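S.K.: Dumping the structure here so I can ask a few things about it.
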Amino acid sequence: MTDYKNKVQKILSLRETPPLCYLHSFGCQQNVSDGEKILGLLTEMGYGVTSDMFSADMIIYNTCAVRENAELKIYGLIGNLKHLKEQKPDLIIGICGCMAQQEQVVEKIKKTYKQVDLIFGTFALNELPRLVYDVLSERKTAVDITEYSAEIPENIKAVRSGSFKAGVPVMYGCNNFCSYCIVPYVRGRERSREPQAILDEIRELSKAGYKEIMLLGQNVNSYGKTLEKPVNFSELLRRINEIDGDFKIRFMSPHPKDATKEFIDTIVECDKICKHLHLPLQSGSNRILEAMNRRYTVEKYMEIVDYARSRIPDFSFSTDIIVGFPNETYEDFKGTLDVMRRVKYDNIFSFIYSKRTGTKAALIDDKTSDEDKGKWMRELLEVQREISTEFFKRFEGRILDVLFEAESKNVGWYNGKSDEFIIVEAKSDVNIIGQRKKVKITKAFNWALQGEIIN
Ligand code: SAH
Ligand code: SF4
Ligand code: F3S
């Protein structure tokens with residue numbers, strides 16, 4: 001890798017000013033984290049970073065393949081770049097990430113979108129210098145979607161997109177093969193980072209003043225199984241919790257099948273861990289859960305929720321739900337609504353099932369109509385609105401810890417997230433972005449809370 005880095009540096013150093021790269025990551029936090037590493041590599045090679053696509057010499061889309069919509073959007077965006085490339089023939093256009101890891105996608109891009117110069121999958125981070133060199137030196141399309149072994153990109157310094165929140169991958173890949181999901185095919189098998197590497201990285205982030213660390217993985221609580229000296233996720237969490245610093249810990253996403261009592265106890269007992277769990281349910285019907293290959297039942301899921309609430313009555317939950325899995329019936333769907341009402345989620349991310357070529361569910365002859373799926377989705381959103389309207393009221397009068405992230409639309413107001421991962425708005429005369437404040441909640445809406453900063 002170093003060899004090619006030097007070669008690229010040499011080519012770029014001949015230019016009067018450093019060329020600029022614009023990168024946009026789609027999809028999950030793991031992808032965002034990969035994007036930060038890609039920018040890290042490119043800056044080492046001599047590129048500057050820009051947030052203005054039109055002034056860039058290189059445009060990279062780091063793509064997501066989880067649903068068809070995500071892919072269609074990317075095709076649209078690549079199509080739009082054709083004119084830009086005609087105006088700027090030296091512009092380098094790169095497509096990477098999960099979409100680019102699929103052969104049929106690469107074929108389509110090569111055939112239909114000739115403006116693309118660089119295509120690389122999720123395994124090729126370490127190969128990027130070679131690919132960039134090929135494009136710069138030979139001006140030919142460079143493609144690498146090889147599924148390399150379990151190599152973890154450990155020596156790449158990320159260019160982080162945030163200055164107070166940081167994503168830290170703890171494991172890569174997924175072994176679960178939920179029947180609807182493309183991720184195991186585009187991200188390969190589970191592999192965990194060494195605990196020491198994770199702890200060192202977080203120590204540095206804490207020293208640099210980061211206020212929130214989000215541990216990342218497709219199935220974070222399966223962490224450590226592939227290590228020579230296995231360490232489980234709870235142990236890792238406890239060790240991170242001991243690191244000095246004024247930061248809080250979150251993680252995304254745990255899988256219910258690996259959610260043990262020990263795991264919940266760890267969250268409850270570690271002061272730096274937010275008492276919020278994003279626990280993807282997907283469906284509230286045991287029949288559908290089995291067809292999805294989720295390997296838990298509604299009863300097992302509710303046991304986790306009940307246990308967490310027995311330790312902290314106000315433990316906060318959010319979830320992912322898929323509506324309209326092949327041959328789902330209204331009875332099945334009602335099971336999902338039932339679990340929603342029992343758990344009372346603070347937040348739900350709901351998706352209409354999207355068929356992904358290559359997955360098991362794609363082979364099912366689906367008799368459920370799109371019309372029904374749309375109708376159920378609307379019903380789900382309405383039920384969730386009712387739940388959060390009522391449930392958010394519990395916060396009125398209470399004091400929450402809020403990390404402020406941005407200015408609100410209303411001048412003088414700022415918004416951030418509470419430990420429960422709920423949007424909170426408050427007024428301030430000074431800029432409080434990046435600061436954690438205690439906020440007394442004065443008003444609950446169904447999507448957010450409003451309050452007064454008390455210190
Ligand atoms: N690894 C994480 C989630 C990865 S994808 C987990 O297991 O929770 C994020 C969410 O996208 C999933 O939780 C699921 O709700 C949704 N999703 C994945 N594949 C999908 C598909 N084919 N159609 C619709 N939604 C899907
Ligand atoms: Fe996909 Fe299931 Fe793996 Fe999540 S756990 S990434 S939904 S296969
Ligand atoms: Fe999408 Fe890949 Fe993440 S498919 S959700 S970007 S792992």
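Here, A, B, ... name the chains of the structure tokens in the order displayed, residue numbers run from 1 inside each chain, and ligands are numbered from 1 in the same displayed order.
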Using only C-alpha atoms, find each residue of stretch 384-443 of chain A with at least one atom at most 12 Å away from an atom of stretch 355-379 of chain A; report its shortest atom-to-atom pair and that distance in Å (one decimal), sort the rows by chain and rising residue number, and return the result as a Markdown table.
M.R.:
| residue | atom | partner | partner_atom | distance |
| --- | --- | --- | --- | --- |
| A:Gln384 | CA | A:Glu379 | CA | 8.6 |
| A:Arg385 | CA | A:Glu379 | CA | 9.9 |
| A:Glu386 | CA | A:Glu379 | CA | 10.8 |
S.K.: Give me the residues near stretch 130-135 of chain A as a VMD selection string, where near means some atom within 12 Å (using only C-alpha atoms) and where sequence neighbours in that chain fewer than 3 positions away do not count.
M.R.: chain A and resid 1 to 12 38 41 to 42 45 to 47 58 60 90 to 94 96 116 to 121 124 to 127 138 to 145
S.K.: Output C-alpha atoms of each residue in that selection to a file, as an mmCIF file, in the first residue's frame.
M.R.:
data_model
loop_
_atom_site.group_PDB
_atom_site.id
_atom_site.type_symbol
_atom_site.label_atom_id
_atom_site.label_comp_id
_atom_site.auth_asym_id
_atom_site.auth_seq_id
_atom_site.Cartn_x
_atom_site.Cartn_y
_atom_site.Cartn_z
ATOM 1 C CA MET A 1 0.000 0.000 0.000
ATOM 2 C CA THR A 2 2.793 2.450 0.967
ATOM 3 C CA ASP A 3 4.411 2.014 -2.414
ATOM 4 C CA TYR A 4 1.324 3.147 -4.275
ATOM 5 C CA LYS A 5 0.677 5.930 -1.769
ATOM 6 C CA ASN A 6 4.110 7.345 -2.592
ATOM 7 C CA LYS A 7 3.491 7.003 -6.310
ATOM 8 C CA VAL A 8 0.197 8.896 -6.072
ATOM 9 C CA GLN A 9 1.797 11.561 -3.866
ATOM 10 C CA LYS A 10 4.441 12.079 -6.539
ATOM 11 C CA ILE A 11 1.895 12.546 -9.304
ATOM 12 C CA LEU A 12 -0.208 14.932 -7.214
ATOM 13 C CA ILE A 38 -11.298 6.657 2.668
ATOM 14 C CA LEU A 41 -6.215 7.670 2.854
ATOM 15 C CA LEU A 42 -6.881 10.272 0.183
ATOM 16 C CA MET A 45 -1.934 10.791 -0.688
ATOM 17 C CA GLY A 46 -2.222 14.537 -1.182
ATOM 18 C CA TYR A 47 -5.902 15.252 -1.746
ATOM 19 C CA MET A 58 -12.693 13.661 -7.392
ATOM 20 C CA ILE A 60 -16.879 9.564 -4.451
ATOM 21 C CA ASP A 90 -10.305 15.236 -15.683
ATOM 22 C CA LEU A 91 -12.867 14.765 -12.938
ATOM 23 C CA ILE A 92 -12.514 11.350 -11.281
ATOM 24 C CA ILE A 93 -15.804 9.703 -10.307
ATOM 25 C CA GLY A 94 -15.713 6.859 -7.819
ATOM 26 C CA CYS A 96 -17.673 2.387 -3.509
ATOM 27 C CA VAL A 116 -17.395 6.341 -13.609
ATOM 28 C CA ASP A 117 -13.596 5.841 -13.269
ATOM 29 C CA LEU A 118 -13.275 3.977 -10.010
ATOM 30 C CA ILE A 119 -15.348 1.167 -8.481
ATOM 31 C CA PHE A 120 -14.361 -0.540 -5.267
ATOM 32 C CA GLY A 121 -16.176 -2.666 -2.737
ATOM 33 C CA ALA A 124 -10.833 -2.768 -0.871
ATOM 34 C CA LEU A 125 -9.934 0.079 1.493
ATOM 35 C CA ASN A 126 -6.330 -1.066 1.688
ATOM 36 C CA GLU A 127 -6.196 -1.261 -2.112
ATOM 37 C CA GLU A 138 -3.476 5.238 -17.091
ATOM 38 C CA ARG A 139 -6.821 7.041 -17.086
ATOM 39 C CA LYS A 140 -8.629 3.750 -17.297
ATOM 40 C CA THR A 141 -11.482 2.503 -15.136
ATOM 41 C CA ALA A 142 -10.124 0.773 -12.037
ATOM 42 C CA VAL A 143 -12.311 -1.858 -10.411
ATOM 43 C CA ASP A 144 -11.746 -3.928 -7.295
ATOM 44 C CA ILE A 145 -14.565 -5.814 -5.639
#
S.K.: Could you go through stretch 18-240 of chain A and tell me which residues DSSP, when run on the backbone, assigns to strand (DSSP E or B), listing them as a PyMOL selection string?
M.R.: chain A and resi 20-25+48-49+58-63+92-97+118-120+142-144+165-169+171-172+191-192+212-216
S.K.: Ranking A:Gln196, A:Asn219, A:Gln87, A:Thr112 by minimum distance to ligand 3 and counting only C-alpha atoms and all ligand atoms, which one comes first?
M.R.: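 Comparing A:Gln196, A:Asn219, A:Gln87, A:Thr112 against ligand 3, the winner is A:Asn219.
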S.K.: Which residues are near ligand 1 - at most 9 Å, using only C-alpha atoms and all ligand atoms? Format: as a VMD selection string.
M.R.: chain A and resid 27 to 28 65 to 68 174 176 178 to 183 217 to 220 252 to 256 278 to 282 294 319 to 325 349 to 356 359 361 to 362
S.K.: Calculated over only C-alpha atoms and all ligand atoms, which of the candidates A:Thr260, A:Ser55, A:Ser13, A:Thr63 has the smallest distance to ligand 3?
M.R.: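 Using only C-alpha atoms and all ligand atoms, the shortest distance to ligand 3 belongs to A:Thr63.
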S.K.: Residues near A:Ile249, anyone? I mean within 9 Å using only C-alpha atoms, not counting same-chain ones fewer than 3 positions away, as a short mmCIF file (atom, residue, chain, number, x, y, z; two decimals) with N, CA, C and O atoms, in the first residue's frame.
M.R.:
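So result-v8.cif came out as:
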data_model
loop_
_atom_site.label_atom_id
_atom_site.label_comp_id
_atom_site.auth_asym_id
_atom_site.auth_seq_id
_atom_site.Cartn_x
_atom_site.Cartn_y
_atom_site.Cartn_z
N LYS A 211 -17.37 13.94 22.96
CA LYS A 211 -18.37 13.82 24.03
C LYS A 211 -19.25 12.57 23.89
O LYS A 211 -19.98 12.22 24.79
N GLU A 212 -19.21 11.98 22.70
CA GLU A 212 -20.04 10.78 22.52
C GLU A 212 -19.31 9.81 21.60
O GLU A 212 -18.85 10.19 20.53
N ILE A 213 -19.23 8.56 22.05
CA ILE A 213 -18.59 7.52 21.26
C ILE A 213 -19.67 6.52 20.88
O ILE A 213 -20.35 5.97 21.75
N MET A 214 -19.84 6.32 19.59
CA MET A 214 -20.83 5.34 19.13
C MET A 214 -20.07 4.10 18.62
O MET A 214 -19.34 4.18 17.63
N LEU A 215 -20.22 2.99 19.33
CA LEU A 215 -19.56 1.75 18.91
C LEU A 215 -20.38 1.15 17.77
O LEU A 215 -21.60 1.05 17.85
N LEU A 237 -17.45 -3.29 26.87
CA LEU A 237 -18.15 -2.09 27.36
C LEU A 237 -17.61 -1.65 28.72
O LEU A 237 -17.36 -0.48 28.96
N ILE A 240 -14.29 0.03 28.31
CA ILE A 240 -14.41 1.38 27.72
C ILE A 240 -14.93 2.35 28.78
O ILE A 240 -14.48 3.48 28.90
N ASN A 241 -15.87 1.86 29.59
CA ASN A 241 -16.46 2.70 30.64
C ASN A 241 -15.40 3.20 31.63
O ASN A 241 -15.56 4.24 32.25
N LYS A 272 -21.18 5.58 32.07
CA LYS A 272 -21.03 6.32 30.81
C LYS A 272 -21.98 5.83 29.70
O LYS A 272 -22.13 6.48 28.68
N ILE A 273 -22.58 4.66 29.90
CA ILE A 273 -23.44 4.11 28.83
C ILE A 273 -24.84 4.71 28.93
O ILE A 273 -25.46 4.70 29.99
N CYS A 274 -25.35 5.23 27.81
CA CYS A 274 -26.70 5.79 27.77
C CYS A 274 -27.72 4.67 28.02
O CYS A 274 -27.58 3.57 27.48
#
S.K.: Using atom CA of A:Cys98 and atom CA of A:Asn347 as the two end points, give the distance in Å to one decimal.
M.R.: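 That distance, rounded to one decimal, is 26.1 Å.
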S.K.: I need the residues of stretch 205-312 of chain A that end up classed as alpha helix (DSSP H) by DSSP on the backbone, written out as JSON, numbers by chain.
M.R.: {"A": [205, 206, 207, 233, 234, 235, 236, 237, 238, 239, 240, 241, 261, 262, 263, 264, 265, 266, 267, 268, 269, 286, 287, 288, 289, 290, 291, 298, 299, 300, 301, 302, 303, 304, 305, 306, 307, 308, 309, 310, 311]}
S.K.: Restricted to C-alpha atoms, what would the selected residues look like written as a PDB file, in the first residue's frame?
M.R.:
ATOM      1  CA  LEU A 205     -10.899  10.513  21.176  1.00  0.00           C
ATOM      2  CA  SER A 206     -11.611  11.216  24.832  1.00  0.00           C
ATOM      3  CA  LYS A 207      -8.385  13.208  25.137  1.00  0.00           C
ATOM      4  CA  PHE A 233     -19.258  -7.227  24.242  1.00  0.00           C
ATOM      5  CA  SER A 234     -20.130  -6.694  27.904  1.00  0.00           C
ATOM      6  CA  GLU A 235     -16.472  -6.982  28.910  1.00  0.00           C
ATOM      7  CA  LEU A 236     -15.502  -4.559  26.169  1.00  0.00           C
ATOM      8  CA  LEU A 237     -18.148  -2.087  27.356  1.00  0.00           C
ATOM      9  CA  ARG A 238     -16.910  -2.274  30.941  1.00  0.00           C
ATOM     10  CA  ARG A 239     -13.351  -1.593  29.831  1.00  0.00           C
ATOM     11  CA  ILE A 240     -14.415   1.379  27.721  1.00  0.00           C
ATOM     12  CA  ASN A 241     -16.456   2.696  30.636  1.00  0.00           C
ATOM     13  CA  LYS A 261     -28.932 -10.424  31.122  1.00  0.00           C
ATOM     14  CA  GLU A 262     -25.228  -9.738  31.553  1.00  0.00           C
ATOM     15  CA  PHE A 263     -25.454  -7.308  28.630  1.00  0.00           C
ATOM     16  CA  ILE A 264     -28.379  -5.413  30.186  1.00  0.00           C
ATOM     17  CA  ASP A 265     -26.691  -5.427  33.608  1.00  0.00           C
ATOM     18  CA  THR A 266     -23.601  -3.891  32.018  1.00  0.00           C
ATOM     19  CA  ILE A 267     -25.613  -1.055  30.481  1.00  0.00           C
ATOM     20  CA  VAL A 268     -27.373  -0.451  33.794  1.00  0.00           C
ATOM     21  CA  GLU A 269     -24.175  -0.498  35.850  1.00  0.00           C
ATOM     22  CA  ASN A 286     -43.296 -15.411  15.560  1.00  0.00           C
ATOM     23  CA  ARG A 287     -44.213 -16.910  12.202  1.00  0.00           C
ATOM     24  CA  ILE A 288     -42.625 -13.998  10.345  1.00  0.00           C
ATOM     25  CA  LEU A 289     -39.621 -13.842  12.697  1.00  0.00           C
ATOM     26  CA  GLU A 290     -38.921 -17.451  11.834  1.00  0.00           C
ATOM     27  CA  ALA A 291     -39.270 -16.818   8.110  1.00  0.00           C
ATOM     28  CA  VAL A 298     -41.642 -12.219  20.610  1.00  0.00           C
ATOM     29  CA  GLU A 299     -41.563 -13.778  24.093  1.00  0.00           C
ATOM     30  CA  LYS A 300     -37.746 -13.772  24.213  1.00  0.00           C
ATOM     31  CA  TYR A 301     -37.701 -10.175  22.952  1.00  0.00           C
ATOM     32  CA  MET A 302     -40.187  -9.075  25.620  1.00  0.00           C
ATOM     33  CA  GLU A 303     -38.097 -10.814  28.292  1.00  0.00           C
ATOM     34  CA  ILE A 304     -35.182  -8.514  27.461  1.00  0.00           C
ATOM     35  CA  VAL A 305     -37.406  -5.430  27.530  1.00  0.00           C
ATOM     36  CA  ASP A 306     -39.063  -6.470  30.799  1.00  0.00           C
ATOM     37  CA  TYR A 307     -35.738  -7.276  32.434  1.00  0.00           C
ATOM     38  CA  ALA A 308     -34.240  -3.915  31.433  1.00  0.00           C
ATOM     39  CA  ARG A 309     -37.327  -2.121  32.767  1.00  0.00           C
ATOM     40  CA  SER A 310     -37.220  -4.143  35.994  1.00  0.00           C
ATOM     41  CA  ARG A 311     -33.783  -2.624  36.580  1.00  0.00           C
TER      42      ARG A 311
END
